[in-house]
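Asker: Got a structure for you, questions after.
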Amino acid sequence: HTTQVVLAKNNFKVVEHVKGEASNQYFLIVGGGKRALVEKARAKMLQNANLVGSSRAVINETIESHWIFIGVGIQYTVTVSADVIEFTE
């Protein structure tokens, strides 16, 4: 489910910045999908945001990725971060 909220009034405050990270190793171009890494990192970020049962939402979501060589392959890491806002009204 997706909910759209218009932040036209000053009825919220930014309470924290959260992130989630997921990594996979690719050897000789074989490994898991990068889209799955984004989904896993996003799920971890949302878990860290502690949204359930509150009047909070995430905004300004950012997806970053980087890789490093490890032997005959690479390690690919995705980080998803966002600001958590809490509605005051």
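To be explicit about the labels: the chains of the structure tokens are called A, B, and onward in the order shown, and within each one the residues are counted from 1, while ligands get numbers from 1 in the order they are shown.
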Mind checking DSSP for chain A and telling me the helix (DSSP H, G or I) residues as number ranges by chain?
Answerer: A: 34-49
Asker: Any chance you can output those residues with C-alpha atoms as a PDB file, in the first residue's frame?
Answerer:
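Writing the result to selection06.pdb gives the following:
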```
ATOM      1  CA  LYS A  34      21.002  -5.939  -7.341  1.00  0.00           C
ATOM      2  CA  ARG A  35      17.279  -5.131  -7.157  1.00  0.00           C
ATOM      3  CA  ALA A  36      16.943  -7.667  -4.339  1.00  0.00           C
ATOM      4  CA  LEU A  37      19.733  -5.867  -2.460  1.00  0.00           C
ATOM      5  CA  VAL A  38      17.823  -2.575  -2.677  1.00  0.00           C
ATOM      6  CA  GLU A  39      14.674  -4.282  -1.382  1.00  0.00           C
ATOM      7  CA  LYS A  40      16.574  -5.900   1.498  1.00  0.00           C
ATOM      8  CA  ALA A  41      18.310  -2.633   2.431  1.00  0.00           C
ATOM      9  CA  ARG A  42      14.977  -0.759   2.266  1.00  0.00           C
ATOM     10  CA  ALA A  43      13.336  -3.349   4.531  1.00  0.00           C
ATOM     11  CA  LYS A  44      16.137  -2.955   7.089  1.00  0.00           C
ATOM     12  CA  MET A  45      15.836   0.839   6.908  1.00  0.00           C
ATOM     13  CA  LEU A  46      12.074   0.689   7.480  1.00  0.00           C
ATOM     14  CA  GLN A  47      12.566  -1.685  10.407  1.00  0.00           C
ATOM     15  CA  ASN A  48      15.039   0.794  11.927  1.00  0.00           C
ATOM     16  CA  ALA A  49      12.517   3.613  11.412  1.00  0.00           C
TER      17      ALA A  49
END
```
Asker: When DSSP works through the backbone of this structure, what residues of chain A end up as strand (DSSP E or B), shown as a count of residues only?
Answerer: 47
Asker: Work out how far apart CA of Gln25 (chain A) and CA of Thr62 (chain A) are and give it in Å to one decimal.
Answerer: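 Calculated distance between CA of Gln25 (chain A) and CA of Thr62 (chain A) is 22.1 Å.
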Asker: Separation of CA of Lys19 (chain A) and CA of Thr79 (chain A), in Å?
Answerer: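 Rounded to one decimal, the two atoms are 6.8 Å apart.
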Asker: Write out as an mmCIF file with all heavy atoms, in the first residue's frame the residues lying within 12 Å of Val58 (chain A), counting only C-alpha atoms and excluding same-chain residues fewer than 4 positions away.
Answerer:
```
data_model
loop_
_atom_site.group_PDB
_atom_site.id
_atom_site.type_symbol
_atom_site.label_atom_id
_atom_site.label_comp_id
_atom_site.auth_asym_id
_atom_site.auth_seq_id
_atom_site.Cartn_x
_atom_site.Cartn_y
_atom_site.Cartn_z
ATOM 1 N N THR A 3 0.641 5.480 0.519
ATOM 2 C CA THR A 3 -0.129 6.632 0.980
ATOM 3 C C THR A 3 0.635 7.888 0.621
ATOM 4 O O THR A 3 1.834 7.964 0.843
ATOM 5 C CB THR A 3 -0.333 6.582 2.504
ATOM 6 O OG1 THR A 3 -0.991 5.369 2.845
ATOM 7 C CG2 THR A 3 -1.152 7.762 2.986
ATOM 8 N N GLN A 4 -0.055 8.866 0.053
ATOM 9 C CA GLN A 4 0.564 10.140 -0.241
ATOM 10 C C GLN A 4 0.151 11.155 0.812
ATOM 11 O O GLN A 4 -1.018 11.237 1.181
ATOM 12 C CB GLN A 4 0.157 10.648 -1.616
ATOM 13 C CG GLN A 4 0.839 9.927 -2.746
ATOM 14 C CD GLN A 4 0.565 10.607 -4.068
ATOM 15 O OE1 GLN A 4 -0.527 11.079 -4.326
ATOM 16 N NE2 GLN A 4 1.582 10.667 -4.891
ATOM 17 N N VAL A 5 1.117 11.906 1.288
ATOM 18 C CA VAL A 5 0.863 12.941 2.285
ATOM 19 C C VAL A 5 1.445 14.236 1.753
ATOM 20 O O VAL A 5 2.586 14.273 1.316
ATOM 21 C CB VAL A 5 1.533 12.585 3.636
ATOM 22 C CG1 VAL A 5 1.337 13.708 4.632
ATOM 23 C CG2 VAL A 5 0.995 11.273 4.165
ATOM 24 N N PHE A 12 4.676 18.733 11.376
ATOM 25 C CA PHE A 12 5.542 17.578 11.557
ATOM 26 C C PHE A 12 6.926 18.061 11.982
ATOM 27 O O PHE A 12 7.255 19.228 11.856
ATOM 28 C CB PHE A 12 5.663 16.760 10.270
ATOM 29 C CG PHE A 12 6.358 17.502 9.156
ATOM 30 C CD1 PHE A 12 7.718 17.367 8.968
ATOM 31 C CD2 PHE A 12 5.653 18.337 8.301
ATOM 32 C CE1 PHE A 12 8.379 18.048 7.955
ATOM 33 C CE2 PHE A 12 6.296 19.020 7.284
ATOM 34 C CZ PHE A 12 7.657 18.873 7.112
ATOM 35 N N LYS A 13 7.706 17.125 12.513
ATOM 36 C CA LYS A 13 9.098 17.435 12.839
ATOM 37 C C LYS A 13 9.953 16.238 12.433
ATOM 38 O O LYS A 13 9.512 15.093 12.463
ATOM 39 C CB LYS A 13 9.272 17.742 14.327
ATOM 40 C CG LYS A 13 8.887 16.607 15.243
ATOM 41 C CD LYS A 13 9.037 16.999 16.702
ATOM 42 C CE LYS A 13 8.566 15.833 17.588
ATOM 43 N NZ LYS A 13 8.682 16.107 18.988
ATOM 44 N N VAL A 14 11.184 16.516 12.021
ATOM 45 C CA VAL A 14 12.133 15.453 11.681
ATOM 46 C C VAL A 14 12.686 14.925 12.996
ATOM 47 O O VAL A 14 13.220 15.692 13.799
ATOM 48 C CB VAL A 14 13.270 15.985 10.779
ATOM 49 C CG1 VAL A 14 14.289 14.898 10.506
ATOM 50 C CG2 VAL A 14 12.701 16.538 9.478
ATOM 51 N N VAL A 15 12.541 13.608 13.210
ATOM 52 C CA VAL A 15 12.955 13.048 14.497
ATOM 53 C C VAL A 15 14.245 12.232 14.413
ATOM 54 O O VAL A 15 14.932 12.083 15.420
ATOM 55 C CB VAL A 15 11.836 12.207 15.143
ATOM 56 C CG1 VAL A 15 10.687 13.098 15.571
ATOM 57 C CG2 VAL A 15 11.358 11.110 14.222
ATOM 58 N N GLU A 16 14.569 11.699 13.240
ATOM 59 C CA GLU A 16 15.826 10.963 13.113
ATOM 60 C C GLU A 16 16.132 10.658 11.655
ATOM 61 O O GLU A 16 15.308 10.844 10.774
ATOM 62 C CB GLU A 16 15.813 9.672 13.934
ATOM 63 C CG GLU A 16 14.825 8.622 13.463
ATOM 64 C CD GLU A 16 14.853 7.378 14.340
ATOM 65 O OE1 GLU A 16 15.950 6.864 14.639
ATOM 66 O OE2 GLU A 16 13.767 6.920 14.730
ATOM 67 N N HIS A 17 17.356 10.182 11.433
ATOM 68 C CA HIS A 17 17.813 9.734 10.119
ATOM 69 C C HIS A 17 18.138 8.244 10.265
ATOM 70 O O HIS A 17 18.876 7.868 11.173
ATOM 71 C CB HIS A 17 19.062 10.517 9.699
ATOM 72 C CG HIS A 17 19.503 10.213 8.305
ATOM 73 N ND1 HIS A 17 18.886 10.754 7.209
ATOM 74 C CD2 HIS A 17 20.480 9.397 7.833
ATOM 75 C CE1 HIS A 17 19.483 10.304 6.117
ATOM 76 N NE2 HIS A 17 20.445 9.478 6.477
ATOM 77 N N VAL A 18 17.544 7.414 9.414
ATOM 78 C CA VAL A 18 17.737 5.970 9.527
ATOM 79 C C VAL A 18 18.337 5.424 8.242
ATOM 80 O O VAL A 18 18.230 6.034 7.174
ATOM 81 C CB VAL A 18 16.413 5.240 9.833
ATOM 82 C CG1 VAL A 18 15.901 5.582 11.218
ATOM 83 C CG2 VAL A 18 15.358 5.543 8.788
ATOM 84 N N LYS A 19 18.971 4.239 8.355
ATOM 85 C CA LYS A 19 19.506 3.598 7.162
ATOM 86 C C LYS A 19 19.494 2.093 7.328
ATOM 87 O O LYS A 19 19.416 1.568 8.438
ATOM 88 C CB LYS A 19 20.910 4.097 6.841
ATOM 89 C CG LYS A 19 21.973 3.737 7.837
ATOM 90 C CD LYS A 19 23.309 4.277 7.373
ATOM 91 C CE LYS A 19 24.393 3.979 8.400
ATOM 92 N NZ LYS A 19 25.702 4.464 7.937
ATOM 93 N N ARG A 42 16.150 -1.585 1.952
ATOM 94 C CA ARG A 42 14.977 -0.759 2.266
ATOM 95 C C ARG A 42 14.193 -1.371 3.430
ATOM 96 O O ARG A 42 13.742 -0.664 4.335
ATOM 97 C CB ARG A 42 14.075 -0.607 1.049
ATOM 98 C CG ARG A 42 12.853 0.268 1.336
ATOM 99 C CD ARG A 42 12.000 0.509 0.112
ATOM 100 N NE ARG A 42 12.694 1.449 -0.757
ATOM 101 C CZ ARG A 42 12.963 1.201 -2.053
ATOM 102 N NH1 ARG A 42 12.605 0.064 -2.607
ATOM 103 N NH2 ARG A 42 13.595 2.104 -2.765
ATOM 104 N N MET A 45 15.996 -0.575 6.577
ATOM 105 C CA MET A 45 15.836 0.839 6.908
ATOM 106 C C MET A 45 14.464 1.085 7.531
ATOM 107 O O MET A 45 14.346 1.765 8.553
ATOM 108 C CB MET A 45 16.018 1.700 5.652
ATOM 109 C CG MET A 45 15.908 3.184 5.874
ATOM 110 S SD MET A 45 14.253 3.903 5.628
ATOM 111 C CE MET A 45 13.894 3.494 3.948
ATOM 112 N N LEU A 46 13.423 0.500 6.949
ATOM 113 C CA LEU A 46 12.074 0.689 7.480
ATOM 114 C C LEU A 46 11.934 0.063 8.863
ATOM 115 O O LEU A 46 11.256 0.612 9.736
ATOM 116 C CB LEU A 46 11.043 0.115 6.513
ATOM 117 C CG LEU A 46 10.868 0.905 5.221
ATOM 118 C CD1 LEU A 46 9.972 0.150 4.253
ATOM 119 C CD2 LEU A 46 10.331 2.296 5.499
ATOM 120 N N GLN A 47 12.582 -1.062 9.087
ATOM 121 C CA GLN A 47 12.566 -1.685 10.407
ATOM 122 C C GLN A 47 13.232 -0.759 11.431
ATOM 123 O O GLN A 47 12.734 -0.582 12.544
ATOM 124 C CB GLN A 47 13.277 -3.030 10.368
ATOM 125 C CG GLN A 47 13.242 -3.787 11.670
ATOM 126 C CD GLN A 47 13.921 -5.137 11.557
ATOM 127 O OE1 GLN A 47 14.671 -5.408 10.628
ATOM 128 N NE2 GLN A 47 13.659 -5.995 12.519
ATOM 129 N N ASN A 48 14.339 -0.141 11.041
ATOM 130 C CA ASN A 48 15.039 0.794 11.927
ATOM 131 C C ASN A 48 14.228 2.066 12.187
ATOM 132 O O ASN A 48 14.440 2.742 13.189
ATOM 133 C CB ASN A 48 16.409 1.160 11.350
ATOM 134 C CG ASN A 48 17.364 -0.010 11.352
ATOM 135 O OD1 ASN A 48 17.233 -0.935 12.140
ATOM 136 N ND2 ASN A 48 18.331 0.019 10.455
ATOM 137 N N ALA A 49 13.317 2.395 11.271
ATOM 138 C CA ALA A 49 12.517 3.613 11.412
ATOM 139 C C ALA A 49 11.418 3.471 12.463
ATOM 140 O O ALA A 49 10.898 4.478 12.943
ATOM 141 C CB ALA A 49 11.901 3.997 10.069
ATOM 142 N N ASN A 50 11.059 2.236 12.819
ATOM 143 C CA ASN A 50 10.072 2.000 13.877
ATOM 144 C C ASN A 50 8.773 2.756 13.600
ATOM 145 O O ASN A 50 8.313 3.548 14.432
ATOM 146 C CB ASN A 50 10.669 2.385 15.230
ATOM 147 C CG ASN A 50 9.875 1.816 16.387
ATOM 148 O OD1 ASN A 50 9.186 0.816 16.229
ATOM 149 N ND2 ASN A 50 9.975 2.449 17.534
ATOM 150 N N LEU A 51 8.165 2.500 12.445
ATOM 151 C CA LEU A 51 6.977 3.232 12.023
ATOM 152 C C LEU A 51 5.670 2.633 12.536
ATOM 153 O O LEU A 51 4.676 3.344 12.658
ATOM 154 C CB LEU A 51 6.909 3.281 10.488
ATOM 155 C CG LEU A 51 8.080 3.930 9.760
ATOM 156 C CD1 LEU A 51 7.874 3.824 8.267
ATOM 157 C CD2 LEU A 51 8.260 5.362 10.187
ATOM 158 N N VAL A 52 5.653 1.358 12.839
ATOM 159 C CA VAL A 52 4.408 0.664 13.175
ATOM 160 C C VAL A 52 3.812 1.221 14.461
ATOM 161 O O VAL A 52 4.501 1.368 15.473
ATOM 162 C CB VAL A 52 4.655 -0.856 13.312
ATOM 163 C CG1 VAL A 52 3.386 -1.580 13.738
ATOM 164 C CG2 VAL A 52 5.185 -1.426 12.013
ATOM 165 N N SER A 54 2.744 4.244 15.017
ATOM 166 C CA SER A 54 3.091 5.632 15.327
ATOM 167 C C SER A 54 2.581 6.549 14.226
ATOM 168 O O SER A 54 2.106 6.101 13.194
ATOM 169 C CB SER A 54 4.613 5.785 15.461
ATOM 170 O OG SER A 54 5.233 5.623 14.204
ATOM 171 N N THR A 62 17.093 7.944 0.034
ATOM 172 C CA THR A 62 18.272 7.962 -0.824
ATOM 173 C C THR A 62 18.823 6.554 -0.941
ATOM 174 O O THR A 62 18.897 5.836 0.047
ATOM 175 C CB THR A 62 19.361 8.885 -0.219
ATOM 176 O OG1 THR A 62 18.813 10.186 -0.040
ATOM 177 C CG2 THR A 62 20.570 8.968 -1.124
ATOM 178 N N VAL A 80 20.283 2.195 1.889
ATOM 179 C CA VAL A 80 19.083 3.015 1.722
ATOM 180 C C VAL A 80 18.920 3.815 3.003
ATOM 181 O O VAL A 80 18.945 3.258 4.104
ATOM 182 C CB VAL A 80 17.835 2.150 1.468
ATOM 183 C CG1 VAL A 80 16.592 3.020 1.355
ATOM 184 C CG2 VAL A 80 18.005 1.312 0.201
ATOM 185 N N SER A 81 18.790 5.133 2.860
ATOM 186 C CA SER A 81 18.627 5.989 4.034
ATOM 187 C C SER A 81 17.457 6.947 3.816
ATOM 188 O O SER A 81 17.042 7.195 2.683
ATOM 189 C CB SER A 81 19.913 6.767 4.321
ATOM 190 O OG SER A 81 20.242 7.602 3.234
ATOM 191 N N ALA A 82 16.934 7.456 4.924
ATOM 192 C CA ALA A 82 15.807 8.388 4.846
ATOM 193 C C ALA A 82 15.701 9.146 6.162
ATOM 194 O O ALA A 82 16.256 8.740 7.179
ATOM 195 C CB ALA A 82 14.504 7.642 4.574
ATOM 196 N N ASP A 83 14.979 10.253 6.106
ATOM 197 C CA ASP A 83 14.632 10.990 7.312
ATOM 198 C C ASP A 83 13.287 10.473 7.817
ATOM 199 O O ASP A 83 12.403 10.146 7.022
ATOM 200 C CB ASP A 83 14.517 12.488 7.029
ATOM 201 C CG ASP A 83 15.838 13.106 6.641
ATOM 202 O OD1 ASP A 83 16.855 12.774 7.284
ATOM 203 O OD2 ASP A 83 15.865 13.920 5.695
ATOM 204 N N VAL A 84 13.137 10.399 9.124
ATOM 205 C CA VAL A 84 11.867 10.010 9.731
ATOM 206 C C VAL A 84 11.216 11.264 10.284
ATOM 207 O O VAL A 84 11.845 12.035 11.015
ATOM 208 C CB VAL A 84 12.084 8.983 10.878
ATOM 209 C CG1 VAL A 84 10.739 8.641 11.534
ATOM 210 C CG2 VAL A 84 12.763 7.736 10.357
ATOM 211 N N ILE A 85 9.957 11.467 9.883
ATOM 212 C CA ILE A 85 9.209 12.600 10.424
ATOM 213 C C ILE A 85 8.097 12.069 11.318
ATOM 214 O O ILE A 85 7.644 10.942 11.158
ATOM 215 C CB ILE A 85 8.610 13.505 9.309
ATOM 216 C CG1 ILE A 85 7.644 12.732 8.432
ATOM 217 C CG2 ILE A 85 9.708 14.156 8.501
ATOM 218 C CD1 ILE A 85 6.825 13.607 7.502
ATOM 219 N N GLU A 86 7.703 12.895 12.260
ATOM 220 C CA GLU A 86 6.589 12.553 13.136
ATOM 221 C C GLU A 86 5.582 13.691 13.063
ATOM 222 O O GLU A 86 5.955 14.856 13.204
ATOM 223 C CB GLU A 86 7.085 12.360 14.562
ATOM 224 C CG GLU A 86 6.015 11.857 15.515
ATOM 225 C CD GLU A 86 6.614 11.423 16.829
ATOM 226 O OE1 GLU A 86 7.470 12.144 17.371
ATOM 227 O OE2 GLU A 86 6.236 10.353 17.300
ATOM 228 N N PHE A 87 4.324 13.320 12.834
ATOM 229 C CA PHE A 87 3.288 14.326 12.733
ATOM 230 C C PHE A 87 2.874 14.795 14.121
ATOM 231 O O PHE A 87 2.715 13.990 15.033
ATOM 232 C CB PHE A 87 2.088 13.781 11.952
ATOM 233 C CG PHE A 87 2.414 13.517 10.512
ATOM 234 C CD1 PHE A 87 2.771 12.247 10.082
ATOM 235 C CD2 PHE A 87 2.428 14.554 9.599
ATOM 236 C CE1 PHE A 87 3.096 12.010 8.769
ATOM 237 C CE2 PHE A 87 2.751 14.327 8.277
ATOM 238 C CZ PHE A 87 3.094 13.050 7.864
#
```
Asker: Point out the residue among A:Lys9, A:Tyr26, A:Gly53, A:Glu21 with the least atom-to-atom distance to Phe69 (chain A), counting only C-alpha atoms.
Answerer: A:Tyr26
Asker: Report, in Å to a single decimal, how far apart CA of Thr88 (chain A) and CA of Asn11 (chain A) are.
Answerer: 5.3 Å
Asker: Which residues are near Thr77 (chain A)? Cut-off 7 Å, only C-alpha atoms, ignore same chain within fewer than 6 positions. Put them as a list in words.
Answerer: Ala22, Ser23, Asn24, Ser65, His66 and Trp67 of chain A
Asker: Please produce a file of the residues just selected, as a short mmCIF file (atom, residue, chain, number, x, y, z; two decimals), in the first residue's frame, where the atoms kept are C-alpha atoms.
Answerer:
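New file selection_25.cif:
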```
data_model
loop_
_atom_site.label_atom_id
_atom_site.label_comp_id
_atom_site.auth_asym_id
_atom_site.auth_seq_id
_atom_site.Cartn_x
_atom_site.Cartn_y
_atom_site.Cartn_z
CA ALA A 22 22.65 -5.07 2.28
CA SER A 23 25.63 -6.68 0.53
CA ASN A 24 26.31 -9.51 -1.88
CA SER A 65 25.74 1.77 -3.83
CA HIS A 66 29.42 0.93 -3.92
CA TRP A 67 31.63 -2.02 -4.68
#
```
Asker: Which residue is closest to Ile63 (chain A)? Choose from A:Leu28, A:Val78, A:Gly33, A:Leu7 and count only C-alpha atoms.
Answerer: A:Val78
